[in-house]
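Asks: Pasting in a structure now, in structure tokens, and then I'll have a few things to ask.
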Amino acid sequence: MTRAIITVVGKDTVGIIAKVCNYLADNKINILDISQTIVQDFFNMMMIVDLTACERQFTDISAELTQVGEDIGVVVKCQLEDIFNKMHRI
């Protein structure tokens, strides 16, 4: 299984989850776990996803998710799980 971590941060607005999840569904990316909070007017979401069925290159997916975020006014980051874990080791 190829897993990735997706984070979404920005000013809360209608449709953030829908836009990100629709993109994932359209690309056969399965959401394994999801957590989202709103602190005052700020939206924060973290997802663990499975890329196994996705037929696209990871670099394309990551770039397109960044663009989805820009289109809706939030910051979307996508990292492979191995890289994320190495970056966040204590």
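Ordering of the structure tokens sets the chain letters (A, B, ...), residue numbers begin anew at 1 in every chain, and ligands are numbered from 1 in the order given.
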As JSON, numbers by chain, please: every residue in chain A that DSSP puts in helix (DSSP H, G or I).
Replies: {"A": [16, 17, 18, 19, 20, 21, 22, 23, 24, 25, 26, 58, 59, 60, 61, 62, 63, 64, 65, 66, 67, 68, 69, 70, 71, 72, 81, 82, 83, 84, 85, 86, 87]}
Asks: Residues of the last selection are to be written out with N, CA and C atoms, as a tab-separated table (two decimals), in the first residue's frame.
Replies:
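Contents of again15.tsv, as written:
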```tsv
chain	number	residue	atom	x	y	z
A	16	ILE	N	-14.80	23.25	1.29
A	16	ILE	CA	-13.40	22.82	1.32
A	16	ILE	C	-13.31	21.29	1.28
A	17	ILE	N	-14.00	20.64	2.17
A	17	ILE	CA	-13.94	19.17	2.24
A	17	ILE	C	-14.47	18.58	0.94
A	18	ALA	N	-15.55	19.10	0.43
A	18	ALA	CA	-16.15	18.58	-0.81
A	18	ALA	C	-15.17	18.66	-1.97
A	19	LYS	N	-14.51	19.80	-2.14
A	19	LYS	CA	-13.58	19.96	-3.28
A	19	LYS	C	-12.42	18.98	-3.18
A	20	VAL	N	-11.82	18.87	-2.00
A	20	VAL	CA	-10.67	17.98	-1.82
A	20	VAL	C	-11.11	16.52	-2.00
A	21	CYS	N	-12.22	16.15	-1.37
A	21	CYS	CA	-12.67	14.75	-1.45
A	21	CYS	C	-13.13	14.38	-2.85
A	22	ASN	N	-13.75	15.28	-3.57
A	22	ASN	CA	-14.14	15.00	-4.96
A	22	ASN	C	-12.91	14.76	-5.82
A	23	TYR	N	-11.86	15.56	-5.62
A	23	TYR	CA	-10.63	15.35	-6.37
A	23	TYR	C	-10.06	13.96	-6.07
A	24	LEU	N	-10.04	13.59	-4.79
A	24	LEU	CA	-9.51	12.28	-4.41
A	24	LEU	C	-10.33	11.16	-5.04
A	25	ALA	N	-11.64	11.26	-4.96
A	25	ALA	CA	-12.51	10.22	-5.53
A	25	ALA	C	-12.32	10.11	-7.04
A	26	ASP	N	-12.21	11.24	-7.72
A	26	ASP	CA	-12.01	11.23	-9.17
A	26	ASP	C	-10.71	10.54	-9.58
A	58	PHE	N	2.62	10.48	-8.42
A	58	PHE	CA	2.46	11.22	-7.17
A	58	PHE	C	2.74	12.71	-7.37
A	59	THR	N	3.74	13.05	-8.14
A	59	THR	CA	4.09	14.47	-8.34
A	59	THR	C	2.93	15.24	-8.99
A	60	ASP	N	2.21	14.59	-9.90
A	60	ASP	CA	1.06	15.22	-10.53
A	60	ASP	C	-0.07	15.42	-9.53
A	61	ILE	N	-0.33	14.39	-8.72
A	61	ILE	CA	-1.38	14.47	-7.70
A	61	ILE	C	-1.07	15.60	-6.73
A	62	SER	N	0.16	15.66	-6.25
A	62	SER	CA	0.56	16.68	-5.29
A	62	SER	C	0.40	18.08	-5.88
A	63	ALA	N	0.84	18.28	-7.11
A	63	ALA	CA	0.72	19.59	-7.76
A	63	ALA	C	-0.74	19.98	-7.98
A	64	GLU	N	-1.55	19.02	-8.37
A	64	GLU	CA	-2.97	19.32	-8.61
A	64	GLU	C	-3.71	19.61	-7.31
A	65	LEU	N	-3.35	18.92	-6.23
A	65	LEU	CA	-3.96	19.23	-4.93
A	65	LEU	C	-3.56	20.63	-4.47
A	66	THR	N	-2.33	21.02	-4.74
A	66	THR	CA	-1.90	22.38	-4.42
A	66	THR	C	-2.78	23.38	-5.19
A	67	GLN	N	-3.04	23.08	-6.46
A	67	GLN	CA	-3.88	23.97	-7.27
A	67	GLN	C	-5.33	23.99	-6.78
A	68	VAL	N	-5.86	22.84	-6.38
A	68	VAL	CA	-7.21	22.79	-5.80
A	68	VAL	C	-7.27	23.73	-4.60
A	69	GLY	N	-6.26	23.68	-3.75
A	69	GLY	CA	-6.21	24.55	-2.58
A	69	GLY	C	-6.18	26.02	-2.97
A	70	GLU	N	-5.35	26.35	-3.95
A	70	GLU	CA	-5.27	27.75	-4.39
A	70	GLU	C	-6.61	28.23	-4.94
A	71	ASP	N	-7.31	27.35	-5.65
A	71	ASP	CA	-8.61	27.70	-6.23
A	71	ASP	C	-9.65	28.03	-5.16
A	72	ILE	N	-9.54	27.39	-3.98
A	72	ILE	CA	-10.54	27.62	-2.93
A	72	ILE	C	-9.99	28.44	-1.77
A	81	GLU	N	3.88	9.11	2.96
A	81	GLU	CA	3.95	8.81	4.39
A	81	GLU	C	5.39	8.66	4.89
A	82	ASP	N	6.24	8.00	4.13
A	82	ASP	CA	7.63	7.81	4.55
A	82	ASP	C	8.33	9.15	4.76
A	83	ILE	N	8.15	10.06	3.82
A	83	ILE	CA	8.78	11.38	3.92
A	83	ILE	C	8.20	12.14	5.12
A	84	PHE	N	6.89	12.10	5.27
A	84	PHE	CA	6.24	12.79	6.39
A	84	PHE	C	6.79	12.27	7.71
A	85	ASN	N	6.89	10.96	7.87
A	85	ASN	CA	7.40	10.38	9.10
A	85	ASN	C	8.84	10.79	9.37
A	86	LYS	N	9.67	10.81	8.35
A	86	LYS	CA	11.06	11.20	8.54
A	86	LYS	C	11.20	12.66	8.91
A	87	MET	N	10.34	13.50	8.36
A	87	MET	CA	10.39	14.93	8.66
A	87	MET	C	9.89	15.25	10.08
```
Asks: Which neighbours of A:Ile34 fall inside 10 Å, counting only C-alpha atoms, when residues of the same chain fewer than 6 positions from it are skipped, and could you give them as a PyMOL selection string?
Replies: chain A and resi 5-7+45-49
Asks: Could you write those residues out with all heavy atoms, as a PDB file, in the first residue's frame?
Replies:
```pdb
ATOM      1  N   ILE A   5       0.057  11.633   3.291  1.00  0.00           N
ATOM      2  CA  ILE A   5      -0.563  12.525   4.256  1.00  0.00           C
ATOM      3  C   ILE A   5      -0.934  13.800   3.520  1.00  0.00           C
ATOM      4  O   ILE A   5      -0.094  14.411   2.856  1.00  0.00           O
ATOM      5  CB  ILE A   5       0.412  12.869   5.410  1.00  0.00           C
ATOM      6  CG1 ILE A   5       1.056  11.618   6.002  1.00  0.00           C
ATOM      7  CG2 ILE A   5      -0.295  13.736   6.450  1.00  0.00           C
ATOM      8  CD1 ILE A   5       0.104  10.614   6.583  1.00  0.00           C
ATOM      9  N   ILE A   6      -2.189  14.193   3.646  1.00  0.00           N
ATOM     10  CA  ILE A   6      -2.664  15.435   3.040  1.00  0.00           C
ATOM     11  C   ILE A   6      -3.090  16.370   4.161  1.00  0.00           C
ATOM     12  O   ILE A   6      -3.851  15.966   5.053  1.00  0.00           O
ATOM     13  CB  ILE A   6      -3.852  15.184   2.093  1.00  0.00           C
ATOM     14  CG1 ILE A   6      -3.432  14.266   0.940  1.00  0.00           C
ATOM     15  CG2 ILE A   6      -4.423  16.506   1.570  1.00  0.00           C
ATOM     16  CD1 ILE A   6      -4.573  13.804   0.060  1.00  0.00           C
ATOM     17  N   THR A   7      -2.586  17.599   4.126  1.00  0.00           N
ATOM     18  CA  THR A   7      -3.011  18.606   5.098  1.00  0.00           C
ATOM     19  C   THR A   7      -3.656  19.766   4.350  1.00  0.00           C
ATOM     20  O   THR A   7      -3.232  20.128   3.251  1.00  0.00           O
ATOM     21  CB  THR A   7      -1.837  19.118   5.949  1.00  0.00           C
ATOM     22  OG1 THR A   7      -0.826  19.642   5.093  1.00  0.00           O
ATOM     23  CG2 THR A   7      -1.249  18.010   6.804  1.00  0.00           C
ATOM     24  N   MET A  45      -7.388  20.403   8.361  1.00  0.00           N
ATOM     25  CA  MET A  45      -7.751  19.008   8.098  1.00  0.00           C
ATOM     26  C   MET A  45      -6.491  18.208   7.799  1.00  0.00           C
ATOM     27  O   MET A  45      -5.581  18.696   7.123  1.00  0.00           O
ATOM     28  CB  MET A  45      -8.714  18.917   6.909  1.00  0.00           C
ATOM     29  CG  MET A  45      -9.111  17.498   6.542  1.00  0.00           C
ATOM     30  SD  MET A  45     -10.476  17.404   5.355  1.00  0.00           S
ATOM     31  CE  MET A  45      -9.782  18.175   3.904  1.00  0.00           C
ATOM     32  N   MET A  46      -6.456  16.996   8.309  1.00  0.00           N
ATOM     33  CA  MET A  46      -5.365  16.073   8.009  1.00  0.00           C
ATOM     34  C   MET A  46      -5.998  14.758   7.571  1.00  0.00           C
ATOM     35  O   MET A  46      -6.933  14.268   8.208  1.00  0.00           O
ATOM     36  CB  MET A  46      -4.493  15.853   9.240  1.00  0.00           C
ATOM     37  CG  MET A  46      -3.329  14.946   9.009  1.00  0.00           C
ATOM     38  SD  MET A  46      -2.304  14.919  10.487  1.00  0.00           S
ATOM     39  CE  MET A  46      -1.045  13.788   9.956  1.00  0.00           C
ATOM     40  N   MET A  47      -5.481  14.215   6.480  1.00  0.00           N
ATOM     41  CA  MET A  47      -6.005  12.965   5.940  1.00  0.00           C
ATOM     42  C   MET A  47      -4.854  11.994   5.703  1.00  0.00           C
ATOM     43  O   MET A  47      -3.766  12.407   5.300  1.00  0.00           O
ATOM     44  CB  MET A  47      -6.708  13.193   4.602  1.00  0.00           C
ATOM     45  CG  MET A  47      -7.728  14.269   4.603  1.00  0.00           C
ATOM     46  SD  MET A  47      -8.245  14.683   2.932  1.00  0.00           S
ATOM     47  CE  MET A  47      -9.669  13.662   2.797  1.00  0.00           C
ATOM     48  N   ILE A  48      -5.118  10.729   5.941  1.00  0.00           N
ATOM     49  CA  ILE A  48      -4.215   9.667   5.512  1.00  0.00           C
ATOM     50  C   ILE A  48      -4.943   8.969   4.371  1.00  0.00           C
ATOM     51  O   ILE A  48      -6.100   8.557   4.529  1.00  0.00           O
ATOM     52  CB  ILE A  48      -3.888   8.689   6.651  1.00  0.00           C
ATOM     53  CG1 ILE A  48      -3.240   9.442   7.810  1.00  0.00           C
ATOM     54  CG2 ILE A  48      -2.974   7.569   6.145  1.00  0.00           C
ATOM     55  CD1 ILE A  48      -3.046   8.603   9.066  1.00  0.00           C
ATOM     56  N   VAL A  49      -4.275   8.881   3.227  1.00  0.00           N
ATOM     57  CA  VAL A  49      -4.924   8.317   2.043  1.00  0.00           C
ATOM     58  C   VAL A  49      -4.101   7.180   1.457  1.00  0.00           C
ATOM     59  O   VAL A  49      -2.894   7.096   1.668  1.00  0.00           O
ATOM     60  CB  VAL A  49      -5.160   9.407   0.969  1.00  0.00           C
ATOM     61  CG1 VAL A  49      -6.080  10.499   1.494  1.00  0.00           C
ATOM     62  CG2 VAL A  49      -3.855  10.001   0.472  1.00  0.00           C
TER      63      VAL A  49
END
```
Asks: Assign secondary structure with DSSP using the backbone only, and return the residues of chain A in strand (DSSP E) as JSON, numbers by chain.
Replies: {"A": [3, 4, 5, 6, 7, 8, 9, 10, 11, 30, 31, 32, 33, 34, 35, 36, 37, 38, 39, 42, 43, 44, 45, 46, 47, 48, 49, 50, 74, 75, 76, 77, 78, 79, 80]}
Asks: Would you save the residues from that selection as a PDB file, in the first residue's frame, using C-alpha atoms?
Replies:
```pdb
ATOM      1  CA  ARG A   3       0.038   5.989   1.684  1.00  0.00           C
ATOM      2  CA  ALA A   4       0.238   9.769   1.781  1.00  0.00           C
ATOM      3  CA  ILE A   5      -0.563  12.525   4.256  1.00  0.00           C
ATOM      4  CA  ILE A   6      -2.664  15.435   3.040  1.00  0.00           C
ATOM      5  CA  THR A   7      -3.011  18.606   5.098  1.00  0.00           C
ATOM      6  CA  VAL A   8      -5.409  21.455   4.402  1.00  0.00           C
ATOM      7  CA  VAL A   9      -5.176  24.764   6.269  1.00  0.00           C
ATOM      8  CA  GLY A  10      -6.853  28.106   5.712  1.00  0.00           C
ATOM      9  CA  LYS A  11      -9.767  30.400   6.354  1.00  0.00           C
ATOM     10  CA  ASN A  30      -9.076   6.190  -0.848  1.00  0.00           C
ATOM     11  CA  ILE A  31      -9.340   8.095   2.435  1.00  0.00           C
ATOM     12  CA  LEU A  32      -8.157   5.848   5.275  1.00  0.00           C
ATOM     13  CA  ASP A  33      -8.427   8.364   8.114  1.00  0.00           C
ATOM     14  CA  ILE A  34      -9.504  11.974   8.400  1.00  0.00           C
ATOM     15  CA  SER A  35      -9.502  14.594  11.127  1.00  0.00           C
ATOM     16  CA  GLN A  36     -10.741  18.146  10.783  1.00  0.00           C
ATOM     17  CA  THR A  37     -11.195  21.034  13.156  1.00  0.00           C
ATOM     18  CA  ILE A  38     -12.212  24.640  12.970  1.00  0.00           C
ATOM     19  CA  VAL A  39     -10.517  26.994  15.417  1.00  0.00           C
ATOM     20  CA  PHE A  42      -9.580  28.749  10.610  1.00  0.00           C
ATOM     21  CA  PHE A  43     -10.009  25.334   9.012  1.00  0.00           C
ATOM     22  CA  ASN A  44      -7.501  22.512   9.579  1.00  0.00           C
ATOM     23  CA  MET A  45      -7.751  19.008   8.098  1.00  0.00           C
ATOM     24  CA  MET A  46      -5.365  16.073   8.009  1.00  0.00           C
ATOM     25  CA  MET A  47      -6.005  12.965   5.940  1.00  0.00           C
ATOM     26  CA  ILE A  48      -4.215   9.667   5.512  1.00  0.00           C
ATOM     27  CA  VAL A  49      -4.924   8.317   2.043  1.00  0.00           C
ATOM     28  CA  ASP A  50      -4.157   5.189   0.045  1.00  0.00           C
ATOM     29  CA  VAL A  74      -6.511  27.268   1.349  1.00  0.00           C
ATOM     30  CA  VAL A  75      -3.095  25.611   1.471  1.00  0.00           C
ATOM     31  CA  VAL A  76      -3.075  21.913   0.553  1.00  0.00           C
ATOM     32  CA  LYS A  77       0.094  19.867   1.053  1.00  0.00           C
ATOM     33  CA  CYS A  78       0.557  16.226   0.093  1.00  0.00           C
ATOM     34  CA  GLN A  79       3.516  14.111   1.219  1.00  0.00           C
ATOM     35  CA  LEU A  80       4.249  10.428   0.967  1.00  0.00           C
TER      36      LEU A  80
END
```
Asks: Using only C-alpha atoms, can you tell me which of A:Val14, A:Lys28, A:Gly73, A:Thr2 comes closest to A:Ala53?
Replies: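 Of all the options, A:Lys28 lies closest to A:Ala53.
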